[in-house]
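Have a look at protein_36.txt; it's compact mmCIF, C-alpha atoms:
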# COMPACT_ATOMS: atom_id res chain seq x y z
CA MET A 1 316.71 93.17 136.88
CA GLU A 2 316.75 89.98 134.87
CA PRO A 3 318.94 89.49 131.81
CA VAL A 4 317.29 90.85 128.66
CA ASN A 5 317.24 88.97 125.38
CA LEU A 6 316.87 91.43 122.52
CA ASP A 7 315.07 89.02 120.24
CA ALA A 8 312.58 87.98 122.91
CA MET A 9 311.86 91.65 123.56
CA LEU A 10 311.48 92.44 119.85
CA ALA A 11 308.97 89.58 119.56
CA ARG A 12 306.70 91.26 122.09
CA PHE A 13 305.48 94.13 119.94
CA ALA A 14 304.75 94.91 116.32
CA GLU A 15 304.06 98.62 116.03
CA HIS A 16 306.46 100.98 114.32
CA TRP A 17 308.11 104.15 115.65
CA SER A 18 307.10 103.38 119.24
CA PRO A 19 310.24 102.90 121.39
CA LYS A 20 310.18 100.48 124.31
CA ARG A 21 312.39 100.91 127.36
CA ILE A 22 314.19 97.64 128.10
CA ALA A 23 316.78 98.84 130.61
CA GLN A 24 318.00 101.93 132.39
CA VAL A 25 321.57 103.04 132.99
CA ASN A 26 321.55 105.85 135.53
CA ASN A 27 319.24 108.45 133.99
CA TYR A 28 319.55 107.02 130.48
CA ASP A 29 317.23 104.58 128.73
CA VAL A 30 318.14 101.62 126.60
CA ARG A 31 315.25 101.42 124.15
CA ILE A 32 314.36 99.21 121.22
CA VAL A 33 312.13 100.24 118.37
CA LYS A 34 310.84 98.81 115.11
CA VAL A 35 310.67 101.26 112.24
CA GLN A 36 309.47 101.22 108.66
CA GLY A 37 308.86 104.06 106.25
CA GLU A 38 309.89 107.64 106.91
CA PHE A 39 309.75 109.39 110.29
CA THR A 40 309.68 113.17 110.54
CA TRP A 41 312.46 115.76 110.37
CA HIS A 42 313.34 116.78 113.90
CA THR A 43 316.14 117.90 116.19
CA HIS A 44 317.15 117.06 119.75
CA PRO A 45 318.58 120.39 120.89
CA ASP A 46 319.87 119.06 124.20
CA THR A 47 321.12 115.54 123.53
CA ASP A 48 323.03 113.32 121.17
CA GLU A 49 321.06 110.30 119.93
CA PHE A 50 322.56 106.83 119.57
CA PHE A 51 321.31 104.33 116.94
CA LEU A 52 322.43 100.69 116.63
CA VAL A 53 320.82 98.56 113.94
CA LEU A 54 319.77 95.13 115.24
CA GLY A 55 318.21 93.99 111.96
CA GLY A 56 317.26 95.56 108.65
CA GLN A 57 318.68 98.79 107.28
CA LEU A 58 318.31 102.36 108.49
CA THR A 59 318.96 105.54 106.56
CA ILE A 60 319.47 108.57 108.78
CA GLN A 61 318.81 111.50 106.51
CA MET A 62 320.62 114.63 107.59
CA ARG A 63 320.68 117.99 105.84
CA ASP A 64 324.17 117.46 104.42
CA ARG A 65 324.21 113.69 103.82
CA ASP A 66 322.56 110.34 104.37
CA VAL A 67 324.03 107.81 106.79
CA VAL A 68 323.13 104.21 105.92
CA LEU A 69 323.42 101.58 108.64
CA GLY A 70 323.09 97.80 108.43
CA PRO A 71 323.07 95.24 111.24
CA ARG A 72 325.78 95.78 113.86
CA GLU A 73 326.36 99.31 112.65
CA LEU A 74 325.85 102.38 114.80
CA PHE A 75 325.81 106.14 114.58
CA VAL A 76 325.36 109.07 116.94
CA VAL A 77 323.36 112.04 115.68
CA PRO A 78 324.91 115.07 117.37
CA ARG A 79 322.69 117.30 119.45
CA GLY A 80 321.12 119.99 117.36
CA ALA A 81 321.55 118.17 114.05
CA GLU A 82 318.31 117.95 112.12
CA HIS A 83 317.63 114.40 110.97
CA CYS A 84 314.91 112.16 109.59
CA PRO A 85 315.23 108.36 109.89
CA ARG A 86 313.90 106.16 107.09
CA ALA A 87 313.72 102.40 106.56
CA ASP A 88 312.49 100.80 103.36
CA THR A 89 311.84 97.47 105.10
CA GLU A 90 311.09 96.76 108.74
CA THR A 91 314.18 97.55 110.78
CA ALA A 92 314.95 97.02 114.46
CA LEU A 93 317.06 99.51 116.42
CA LEU A 94 318.61 99.84 119.83
CA LEU A 95 318.69 103.41 121.16
CA PHE A 96 320.56 104.93 124.07
CA GLU A 97 319.29 108.30 125.20
CA PRO A 98 318.34 110.31 128.28
CA SER A 99 315.28 108.89 130.02
CA ASP A 100 313.40 112.15 129.48
CA GLY A 101 314.11 112.06 125.73
CA VAL A 102 311.16 112.38 123.34
CA ASN A 103 311.30 110.58 120.00
CA THR A 104 310.18 113.58 117.97
CA GLY A 105 312.55 116.00 119.71
CA ASP A 106 311.60 119.62 119.14
CA VAL A 107 308.88 118.92 116.59
CA GLY A 108 306.25 116.96 118.52
CA GLY A 109 303.06 116.03 116.71
CA GLU A 110 301.21 112.80 116.26
CA LEU A 111 304.35 110.67 115.89
CA THR A 112 305.32 111.51 119.48
CA ALA A 113 305.24 108.22 121.38
CA GLU A 114 304.97 107.51 125.06
CA VAL A 115 307.82 105.18 125.97
CA GLU A 116 306.44 101.94 127.37
CA THR A 117 308.64 99.79 129.60
CA LEU A 118 309.01 96.12 128.71
CA ALA A 119 309.96 94.23 131.84
CA MET B 120 331.44 111.07 112.99
CA GLU B 121 331.33 108.25 110.49
CA PRO B 122 329.09 105.19 110.88
CA VAL B 123 330.73 102.52 113.04
CA ASN B 124 330.69 98.84 112.12
CA LEU B 125 331.07 96.77 115.27
CA ASP B 126 332.81 93.88 113.55
CA ALA B 127 335.29 96.12 111.79
CA MET B 128 336.09 97.74 115.13
CA LEU B 129 336.45 94.39 116.89
CA ALA B 130 338.90 93.29 114.20
CA ARG B 131 341.22 96.16 115.09
CA PHE B 132 342.46 94.84 118.43
CA ALA B 133 343.14 91.54 120.15
CA GLU B 134 343.89 92.28 123.79
CA HIS B 135 341.51 91.32 126.56
CA TRP B 136 339.94 93.49 129.26
CA SER B 137 340.99 96.71 127.52
CA PRO B 138 337.88 98.70 126.53
CA LYS B 139 337.93 100.85 123.40
CA ARG B 140 335.76 103.93 123.01
CA ILE B 141 333.93 103.78 119.68
CA ALA B 142 331.42 106.59 120.17
CA GLN B 143 330.24 109.15 122.69
CA VAL B 144 326.68 110.06 123.61
CA ASN B 145 326.76 113.26 125.64
CA ASN B 146 329.07 112.42 128.56
CA TYR B 147 328.71 108.67 128.11
CA ASP B 148 331.02 106.33 126.23
CA VAL B 149 330.04 103.50 123.95
CA ARG B 150 332.87 101.03 124.41
CA ILE B 151 333.68 97.60 123.07
CA VAL B 152 335.90 95.11 124.81
CA LYS B 153 337.12 91.55 124.32
CA VAL B 154 337.29 89.45 127.44
CA GLN B 155 338.45 85.98 128.37
CA GLY B 156 339.09 84.42 131.74
CA GLU B 157 338.12 86.04 135.01
CA PHE B 158 338.33 89.76 135.78
CA THR B 159 338.45 91.05 139.36
CA TRP B 160 335.72 91.63 141.94
CA HIS B 161 334.90 95.31 141.98
CA THR B 162 332.14 97.87 142.44
CA HIS B 163 331.15 101.07 140.69
CA PRO B 164 329.78 103.10 143.59
CA ASP B 165 328.51 105.95 141.42
CA THR B 166 327.21 104.36 138.23
CA ASP B 167 325.24 101.51 136.75
CA GLU B 168 327.15 99.48 134.18
CA PHE B 169 325.60 98.18 130.95
CA PHE B 170 326.77 94.97 129.24
CA LEU B 171 325.59 93.71 125.83
CA VAL B 172 327.14 90.50 124.49
CA LEU B 173 328.14 90.81 120.83
CA GLY B 174 329.65 87.33 120.61
CA GLY B 175 330.58 84.55 123.01
CA GLN B 176 329.19 84.13 126.50
CA LEU B 177 329.64 86.26 129.61
CA THR B 178 329.01 85.28 133.19
CA ILE B 179 328.58 88.24 135.51
CA GLN B 180 329.26 86.85 138.94
CA MET B 181 327.51 88.77 141.69
CA ARG B 182 327.48 87.99 145.39
CA ASP B 183 323.97 86.52 145.32
CA ARG B 184 323.86 84.92 141.85
CA ASP B 185 325.47 84.52 138.47
CA VAL B 186 323.99 86.18 135.38
CA VAL B 187 324.82 84.35 132.15
CA LEU B 188 324.52 86.27 128.87
CA GLY B 189 324.80 85.03 125.29
CA PRO B 190 324.81 87.03 122.07
CA ARG B 191 322.13 89.76 121.90
CA GLU B 192 321.60 89.55 125.63
CA LEU B 193 322.17 92.45 127.99
CA PHE B 194 322.27 93.26 131.67
CA VAL B 195 322.79 96.31 133.84
CA VAL B 196 324.83 95.88 137.02
CA PRO B 197 323.34 98.36 139.50
CA ARG B 198 325.62 100.94 141.04
CA GLY B 199 327.20 99.63 144.20
CA ALA B 200 326.71 95.95 143.35
CA GLU B 201 329.93 93.99 143.63
CA HIS B 202 330.54 91.91 140.52
CA CYS B 203 333.20 89.93 138.68
CA PRO B 204 332.83 89.19 134.96
CA ARG B 205 334.08 85.88 133.61
CA ALA B 206 334.21 84.34 130.12
CA ASP B 207 335.37 80.82 129.42
CA THR B 208 335.97 81.59 125.74
CA GLU B 209 336.75 84.87 124.07
CA THR B 210 333.71 87.11 124.31
CA ALA B 211 332.98 90.51 122.82
CA LEU B 212 330.93 93.11 124.69
CA LEU B 213 329.43 96.52 124.12
CA LEU B 214 329.36 98.80 127.18
CA PHE B 215 327.61 102.08 127.97
CA GLU B 216 329.06 103.98 130.86
CA PRO B 217 330.03 107.48 131.91
CA SER B 218 333.06 108.73 130.01
CA ASP B 219 334.98 109.07 133.27
CA GLY B 220 334.23 105.46 134.22
CA VAL B 221 337.13 103.18 135.15
CA ASN B 222 336.92 99.48 134.32
CA THR B 223 338.06 98.31 137.74
CA GLY B 224 335.73 100.68 139.62
CA ASP B 225 336.72 101.08 143.26
CA VAL B 226 339.42 98.41 143.23
CA GLY B 227 342.04 99.68 140.80
CA GLY B 228 345.16 97.62 140.35
CA GLU B 229 346.98 96.29 137.34
CA LEU B 230 343.80 95.43 135.43
CA THR B 231 342.90 99.11 135.27
CA ALA B 232 342.97 100.05 131.59
CA GLU B 233 343.27 103.39 129.89
CA VAL B 234 340.38 103.70 127.44
CA GLU B 235 341.73 104.13 123.92
CA THR B 236 339.54 105.73 121.27
CA LEU B 237 339.10 103.87 117.99
CA ALA B 238 338.16 106.39 115.33
Now, as a test, write the supplied structure out as structure tokens.
Amino acid sequence: MEPVNLDAMLARFAEHWSPKRIAQVNNYDVRIVKVQGEFTWHTHPDTDEFFLVLGGQLTIQMRDRDVVLGPRELFVVPRGAEHCPRADTETALLLFEPSDGVNTGDVGGELTAEVETLA
Amino acid sequence: MEPVNLDAMLARFAEHWSPKRIAQVNNYDVRIVKVQGEFTWHTHPDTDEFFLVLGGQLTIQMRDRDVVLGPRELFVVPRGAEHCPRADTETALLLFEPSDGVNTGDVGGELTAEVETLA
């Protein structure tokens, strides 16, 4: 692989809630995604989910609290914990999750995105 | 877990080449490390190794080329590829690797560091 510049990769797409694979580590993906607005409540029964904010601000709504993350802040949603991400302005995230992971977890529906690879 | 601020975590230690676990994603660690100078040539026979530069500049020497990474740049050293990281000035990195991963891979020696957890 070639070195990956996060900002060059972020400049290559505009759509929201559609993760892009930018690297793989064993059977895990490193993905970036732009988000704005509210996603959908969902759960990943079989995996933790890692969020690192690259720019903007992310609120991870969980049933017992909200976690608010700014740039260079990260959080891991534990497997099985229902959550709903929200961003009031456009926000860029780096995700680390199993390569077979689906963005909408157990819920599915029209927000389910195929993960495109940016090479 | 609580949200993790990378800069607050980086402020909590000064030593070089001693990775700190700041989060876990399934059986993977998210680690941060400060490096300066040259590490040792080594290989991870069983795992890829992910490097993201948080500040400074990292050169990953490999047998066929050098990969140079600045802030917000990342690279994955493939499993089995011999490599030797080097940083001319103090550089901060974020790593994803299996929780049982050892920093010196197959080589061992005095640079082998126990991974402390920063909570």
- When you draw a straight line from CA of Val195 (chain B) to CA of Asp167 (chain B), how long is it in Å?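 We find that CA of Val195 (chain B) and CA of Asp167 (chain B) lie 6.4 Å from each other.
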Please determine the contact residues of chain A with respect to chain B at a cut-off of 9 Å, counting all atoms listed in the file, and supply them as a PyMOL selection string.
chain A and resi 1-7+23-26+47-50+54+67-79+96-97
Counting only C-alpha atoms, the residue among A:Met9, A:Val33, A:Leu93, A:Ala113 that lies closest to Gln57 (chain A) is A:Leu93
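Note that CA of Ala92 (chain A) and CA of Val35 (chain A) are 6.4 Å apart.
Take the candidates B:Ile151, B:Ala130, B:Ala206, B:Met181 and check each one against Asn222 (chain B) using all atoms listed in the file; the shortest distance goes to B:Ile151.
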* Asked: Can you tell me how far CA of Trp160 (chain B) sits from CA of Thr178 (chain B), in Å to one decimal?
  ->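 Answer for the CA of Trp160 (chain B) to CA of Thr178 (chain B) separation: 12.7 Å.
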Could you rebuild region 158-174 of chain B with N, CA, C and O atoms and give me the result as an mmCIF file, in the frame of the given file?
data_model
loop_
_atom_site.group_PDB
_atom_site.id
_atom_site.type_symbol
_atom_site.label_atom_id
_atom_site.label_comp_id
_atom_site.auth_asym_id
_atom_site.auth_seq_id
_atom_site.Cartn_x
_atom_site.Cartn_y
_atom_site.Cartn_z
ATOM 1 N N PHE B 158 337.867 88.407 135.467
ATOM 2 C CA PHE B 158 338.330 89.760 135.780
ATOM 3 C C PHE B 158 338.600 89.837 137.281
ATOM 4 O O PHE B 158 339.151 88.877 137.852
ATOM 5 N N THR B 159 338.228 90.893 137.923
ATOM 6 C CA THR B 159 338.450 91.050 139.360
ATOM 7 C C THR B 159 337.151 91.535 139.988
ATOM 8 O O THR B 159 336.357 92.214 139.340
ATOM 9 N N TRP B 160 336.905 91.127 141.223
ATOM 10 C CA TRP B 160 335.720 91.630 141.940
ATOM 11 C C TRP B 160 335.880 93.123 142.163
ATOM 12 O O TRP B 160 336.935 93.585 142.630
ATOM 13 N N HIS B 161 334.841 93.872 141.793
ATOM 14 C CA HIS B 161 334.900 95.310 141.980
ATOM 15 C C HIS B 161 333.483 95.881 142.010
ATOM 16 O O HIS B 161 332.503 95.183 141.726
ATOM 17 N N THR B 162 333.407 97.160 142.314
ATOM 18 C CA THR B 162 332.140 97.870 142.440
ATOM 19 C C THR B 162 332.282 99.233 141.775
ATOM 20 O O THR B 162 333.367 99.828 141.825
ATOM 21 N N HIS B 163 331.211 99.682 141.141
ATOM 22 C CA HIS B 163 331.150 101.070 140.690
ATOM 23 C C HIS B 163 330.171 101.792 141.610
ATOM 24 O O HIS B 163 328.955 101.678 141.419
ATOM 25 N N PRO B 164 330.682 102.514 142.587
ATOM 26 C CA PRO B 164 329.780 103.100 143.590
ATOM 27 C C PRO B 164 328.846 104.157 143.010
ATOM 28 O O PRO B 164 327.767 104.383 143.562
ATOM 29 N N ASP B 165 329.251 104.791 141.897
ATOM 30 C CA ASP B 165 328.510 105.950 141.420
ATOM 31 C C ASP B 165 327.799 105.741 140.094
ATOM 32 O O ASP B 165 327.215 106.676 139.542
ATOM 33 N N THR B 166 327.853 104.536 139.537
ATOM 34 C CA THR B 166 327.210 104.360 138.230
ATOM 35 C C THR B 166 326.772 102.926 138.011
ATOM 36 O O THR B 166 327.431 101.979 138.461
ATOM 37 N N ASP B 167 325.628 102.794 137.314
ATOM 38 C CA ASP B 167 325.240 101.510 136.750
ATOM 39 C C ASP B 167 326.215 101.169 135.617
ATOM 40 O O ASP B 167 326.884 102.044 135.061
ATOM 41 N N GLU B 168 326.255 99.888 135.261
ATOM 42 C CA GLU B 168 327.150 99.480 134.180
ATOM 43 C C GLU B 168 326.384 98.538 133.239
ATOM 44 O O GLU B 168 325.845 97.520 133.667
ATOM 45 N N PHE B 169 326.386 98.894 131.963
ATOM 46 C CA PHE B 169 325.600 98.180 130.950
ATOM 47 C C PHE B 169 326.487 97.237 130.151
ATOM 48 O O PHE B 169 327.532 97.651 129.632
ATOM 49 N N PHE B 170 326.066 95.981 130.024
ATOM 50 C CA PHE B 170 326.770 94.970 129.240
ATOM 51 C C PHE B 170 325.839 94.409 128.164
ATOM 52 O O PHE B 170 324.744 93.949 128.490
ATOM 53 N N LEU B 171 326.283 94.405 126.915
ATOM 54 C CA LEU B 171 325.590 93.710 125.830
ATOM 55 C C LEU B 171 326.590 92.757 125.183
ATOM 56 O O LEU B 171 327.677 93.188 124.773
ATOM 57 N N VAL B 172 326.232 91.479 125.104
ATOM 58 C CA VAL B 172 327.140 90.500 124.490
ATOM 59 C C VAL B 172 326.995 90.556 122.974
ATOM 60 O O VAL B 172 325.893 90.395 122.438
ATOM 61 N N LEU B 173 328.108 90.792 122.293
ATOM 62 C CA LEU B 173 328.140 90.810 120.830
ATOM 63 C C LEU B 173 328.522 89.451 120.256
ATOM 64 O O LEU B 173 328.170 89.128 119.122
ATOM 65 N N GLY B 174 329.255 88.673 121.032
ATOM 66 C CA GLY B 174 329.650 87.330 120.610
ATOM 67 C C GLY B 174 330.282 86.620 121.783
ATOM 68 O O GLY B 174 330.956 87.241 122.592
#
